[in-house]
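Structure, as structure tokens:
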Amino acid sequence: MFFSPFAILFFLFFLFGFILLFALIQVGLITIAFAKIGLTPNQVFGFLMLSLLGSYINIPIRKIPVEPQTIPPTVRVFGIRYKIPSPAFHGSVIAVNLGGALIPLFLSTYLMLKWHIFLEPLMGVSIVAFICYFMARPVPGVGIALPLFVPPLLAALVAIMISTGMHAPVVAYISGTMGTLIGADIMHLKDVKKLYAPVVSIGGAGTFDGIFLTGIIAVLLA
């Protein structure tokens, strides 16, 4: 049997190259997506850095008392099994995530002012939020569950239907991010006590990933 002492080095080099290529493709897609809505490469870099760093910052708003309850150790949501911890606490803190809520809100407002469009994005946000609200499911110990690819597909379809070709990417981004945030998170705040979670972050945790992905995919599709 022939064994090359450099085989592991070649493998690691290949793995590193593959990861680097994948990262460059992702960055390229993100740059293309945000270029469609009028952002320069420097603005894209700043937005990505702020979103990433801001995703770790939750701003507390209020605390809601929660009655102790028994939840199962595991739960299956949309075909995915989650392991549920059983912490002991007496209330849920409602917070707003900087990267997943406030920064997308700021960018959406900036885009509406930049492109001087208001009616189309507001219509798109209303439609996406309405559908996301009825599709999202509050799951105790997990949070608000929503199929990942529903919001971007929905936002792109709505943008194409209600806006002109030039404004479709902008409407898609605003409808997808704000519609998901409002429909899946804000409109379900009344279900906080059902979640049985120590912290309920608007736009935080898994929602941040969904909102960020929704914005990129919706713009590319539109």
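Here, A, B, ... name the chains of the structure tokens in the order displayed, residue numbers run from 1 inside each chain, and ligands are numbered from 1 in the same displayed order.
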
DSSP-assigned helix (DSSP H, G or I) members of region 90-167 of chain A, reported as a count of residues only: 48

If we count only C-alpha atoms and set the cut-off at 6 Å, which residues sit around region 49-64 of chain A, ignoring sequence neighbours fewer than 3 positions away in its own chain? Please answer as a PyMOL selection string. chain A and resi 46+91-100

Name all residues at most 7 Å from Ala136 (chain A) (count only C-alpha atoms; drop same-chain ones fewer than 6 positions away) and give them as a PyMOL selection string. chain A and resi 144-146+184

Please run DSSP on the backbone and report, as a list in words, all residues within region 115-221 of chain A that come out as strand (DSSP E or B). Arg137, Pro138, Val139, Gly143, Ile144, Ala145, Val199, Val200, Ser201 and Ile202 of chain A

Write a file of the just-selected residues containing C-alpha atoms, as a CSV table (one decimal), in the first residue's frame.
```
chain,number,residue,atom,x,y,z
A,137,ARG,CA,-46.2,28.7,14.3
A,138,PRO,CA,-45.3,29.5,17.9
A,139,VAL,CA,-43.4,26.4,19.3
A,143,GLY,CA,-39.7,30.2,19.1
A,144,ILE,CA,-41.7,31.2,16.0
A,145,ALA,CA,-41.2,28.6,13.3
A,199,VAL,CA,-35.7,35.9,26.1
A,200,VAL,CA,-37.9,36.6,23.1
A,201,SER,CA,-35.8,38.6,20.6
A,202,ILE,CA,-37.6,40.4,17.8
```

Tell me, as a ChimeraX atom specification, which residues lie within 10 Å of Thr177 (chain A), counting only C-alpha atoms; anything in the same chain fewer than 2 positions away does not count. /A:100-101,104-105,108,125,128-129,151-152,155,172-175,179-182,203,208,210-216,218

Write the residues of the preceding selection, restricted to N, CA and C atoms, as a PDB file, in the first residue's frame.
```pdb
ATOM      1  N   GLY A 100     -30.959  42.083  13.361  1.00  0.00           N
ATOM      2  CA  GLY A 100     -32.070  41.427  12.677  1.00  0.00           C
ATOM      3  C   GLY A 100     -33.330  42.242  12.578  1.00  0.00           C
ATOM      4  N   ALA A 101     -33.397  43.389  13.300  1.00  0.00           N
ATOM      5  CA  ALA A 101     -34.619  44.198  13.278  1.00  0.00           C
ATOM      6  C   ALA A 101     -34.331  45.660  12.953  1.00  0.00           C
ATOM      7  N   PRO A 104     -32.199  46.263   9.381  1.00  0.00           N
ATOM      8  CA  PRO A 104     -33.065  46.116   8.197  1.00  0.00           C
ATOM      9  C   PRO A 104     -34.128  47.214   8.112  1.00  0.00           C
ATOM     10  N   LEU A 105     -34.652  47.655   9.260  1.00  0.00           N
ATOM     11  CA  LEU A 105     -35.633  48.746   9.265  1.00  0.00           C
ATOM     12  C   LEU A 105     -34.994  50.036   8.765  1.00  0.00           C
ATOM     13  N   SER A 108     -34.376  49.670   4.973  1.00  0.00           N
ATOM     14  CA  SER A 108     -35.635  49.754   4.235  1.00  0.00           C
ATOM     15  C   SER A 108     -36.115  51.195   4.139  1.00  0.00           C
ATOM     16  N   VAL A 125     -45.122  44.830   2.015  1.00  0.00           N
ATOM     17  CA  VAL A 125     -44.927  44.460   3.417  1.00  0.00           C
ATOM     18  C   VAL A 125     -46.228  43.938   4.022  1.00  0.00           C
ATOM     19  N   VAL A 128     -46.976  40.313   2.575  1.00  0.00           N
ATOM     20  CA  VAL A 128     -46.049  39.304   3.102  1.00  0.00           C
ATOM     21  C   VAL A 128     -46.287  39.091   4.600  1.00  0.00           C
ATOM     22  N   ALA A 129     -46.486  40.173   5.344  1.00  0.00           N
ATOM     23  CA  ALA A 129     -46.716  40.054   6.790  1.00  0.00           C
ATOM     24  C   ALA A 129     -47.989  39.267   7.075  1.00  0.00           C
ATOM     25  N   PRO A 151     -40.842  33.144   2.773  1.00  0.00           N
ATOM     26  CA  PRO A 151     -40.800  34.605   2.676  1.00  0.00           C
ATOM     27  C   PRO A 151     -40.094  35.153   1.431  1.00  0.00           C
ATOM     28  N   PRO A 152     -38.873  34.650   1.057  1.00  0.00           N
ATOM     29  CA  PRO A 152     -38.237  35.234  -0.131  1.00  0.00           C
ATOM     30  C   PRO A 152     -39.006  34.972  -1.413  1.00  0.00           C
ATOM     31  N   ALA A 155     -42.003  37.268  -1.301  1.00  0.00           N
ATOM     32  CA  ALA A 155     -41.631  38.673  -1.496  1.00  0.00           C
ATOM     33  C   ALA A 155     -41.288  38.954  -2.951  1.00  0.00           C
ATOM     34  N   ALA A 172     -38.871  44.011  -3.329  1.00  0.00           N
ATOM     35  CA  ALA A 172     -38.680  42.636  -2.862  1.00  0.00           C
ATOM     36  C   ALA A 172     -37.919  42.610  -1.547  1.00  0.00           C
ATOM     37  N   TYR A 173     -36.858  43.420  -1.444  1.00  0.00           N
ATOM     38  CA  TYR A 173     -36.070  43.435  -0.204  1.00  0.00           C
ATOM     39  C   TYR A 173     -36.909  43.940   0.966  1.00  0.00           C
ATOM     40  N   ILE A 174     -37.575  45.072   0.772  1.00  0.00           N
ATOM     41  CA  ILE A 174     -38.351  45.667   1.861  1.00  0.00           C
ATOM     42  C   ILE A 174     -39.512  44.759   2.255  1.00  0.00           C
ATOM     43  N   SER A 175     -40.211  44.211   1.260  1.00  0.00           N
ATOM     44  CA  SER A 175     -41.351  43.337   1.542  1.00  0.00           C
ATOM     45  C   SER A 175     -40.903  42.081   2.274  1.00  0.00           C
ATOM     46  N   GLY A 179     -41.749  42.415   6.018  1.00  0.00           N
ATOM     47  CA  GLY A 179     -42.943  41.568   6.080  1.00  0.00           C
ATOM     48  C   GLY A 179     -42.738  40.373   6.989  1.00  0.00           C
ATOM     49  N   THR A 180     -41.551  39.760   6.892  1.00  0.00           N
ATOM     50  CA  THR A 180     -41.231  38.621   7.758  1.00  0.00           C
ATOM     51  C   THR A 180     -41.117  39.055   9.214  1.00  0.00           C
ATOM     52  N   LEU A 181     -40.438  40.176   9.434  1.00  0.00           N
ATOM     53  CA  LEU A 181     -40.250  40.675  10.793  1.00  0.00           C
ATOM     54  C   LEU A 181     -41.588  40.995  11.464  1.00  0.00           C
ATOM     55  N   ILE A 182     -42.467  41.660  10.719  1.00  0.00           N
ATOM     56  CA  ILE A 182     -43.766  42.047  11.286  1.00  0.00           C
ATOM     57  C   ILE A 182     -44.682  40.843  11.441  1.00  0.00           C
ATOM     58  N   GLY A 203     -36.432  39.690  15.767  1.00  0.00           N
ATOM     59  CA  GLY A 203     -35.379  39.728  14.752  1.00  0.00           C
ATOM     60  C   GLY A 203     -34.096  39.048  15.169  1.00  0.00           C
ATOM     61  N   PHE A 208     -32.916  36.157  12.612  1.00  0.00           N
ATOM     62  CA  PHE A 208     -31.930  36.997  11.925  1.00  0.00           C
ATOM     63  C   PHE A 208     -31.477  36.336  10.632  1.00  0.00           C
ATOM     64  N   GLY A 210     -33.037  34.086   8.883  1.00  0.00           N
ATOM     65  CA  GLY A 210     -34.141  34.042   7.932  1.00  0.00           C
ATOM     66  C   GLY A 210     -34.367  35.380   7.271  1.00  0.00           C
ATOM     67  N   ILE A 211     -34.339  36.464   8.031  1.00  0.00           N
ATOM     68  CA  ILE A 211     -34.570  37.798   7.478  1.00  0.00           C
ATOM     69  C   ILE A 211     -33.428  38.188   6.544  1.00  0.00           C
ATOM     70  N   PHE A 212     -32.186  37.903   6.945  1.00  0.00           N
ATOM     71  CA  PHE A 212     -31.025  38.236   6.114  1.00  0.00           C
ATOM     72  C   PHE A 212     -31.081  37.462   4.794  1.00  0.00           C
ATOM     73  N   LEU A 213     -31.342  36.153   4.878  1.00  0.00           N
ATOM     74  CA  LEU A 213     -31.453  35.333   3.672  1.00  0.00           C
ATOM     75  C   LEU A 213     -32.612  35.764   2.800  1.00  0.00           C
ATOM     76  N   THR A 214     -33.731  36.103   3.434  1.00  0.00           N
ATOM     77  CA  THR A 214     -34.913  36.513   2.694  1.00  0.00           C
ATOM     78  C   THR A 214     -34.612  37.735   1.823  1.00  0.00           C
ATOM     79  N   GLY A 215     -33.933  38.721   2.403  1.00  0.00           N
ATOM     80  CA  GLY A 215     -33.609  39.916   1.658  1.00  0.00           C
ATOM     81  C   GLY A 215     -32.763  39.628   0.434  1.00  0.00           C
ATOM     82  N   ILE A 216     -31.734  38.790   0.592  1.00  0.00           N
ATOM     83  CA  ILE A 216     -30.831  38.494  -0.522  1.00  0.00           C
ATOM     84  C   ILE A 216     -31.538  37.688  -1.608  1.00  0.00           C
ATOM     85  N   ALA A 218     -34.775  37.230  -2.173  1.00  0.00           N
ATOM     86  CA  ALA A 218     -35.896  37.948  -2.778  1.00  0.00           C
ATOM     87  C   ALA A 218     -35.402  38.913  -3.848  1.00  0.00           C
TER      88      ALA A 218
END
```

In Å, rounded to a single decimal, give me how far CA of Gly176 (chain A) is from CA of Ile162 (chain A). 13.8 Å

So that I can see what lies close to Gly165 (chain A), please list as number ranges by chain the residues with an atom at most 9 Å from it, counting only C-alpha atoms and leaving out residues fewer than 5 positions away in the same chain. A: 159-160, 222

May I have the residues from that selection written out with C-alpha atoms, as a PDB file, in the first residue's frame?
```
ATOM      1  CA  ALA A 159     -42.653  42.603  -5.937  1.00  0.00           C
ATOM      2  CA  ILE A 160     -42.978  41.442  -9.531  1.00  0.00           C
ATOM      3  CA  ALA A 222     -36.947  39.743  -8.493  1.00  0.00           C
TER       4      ALA A 222
END
```

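Taking CA of Leu122 (chain A) and CA of Met178 (chain A) as endpoints, the distance between them is 9.4 Å.
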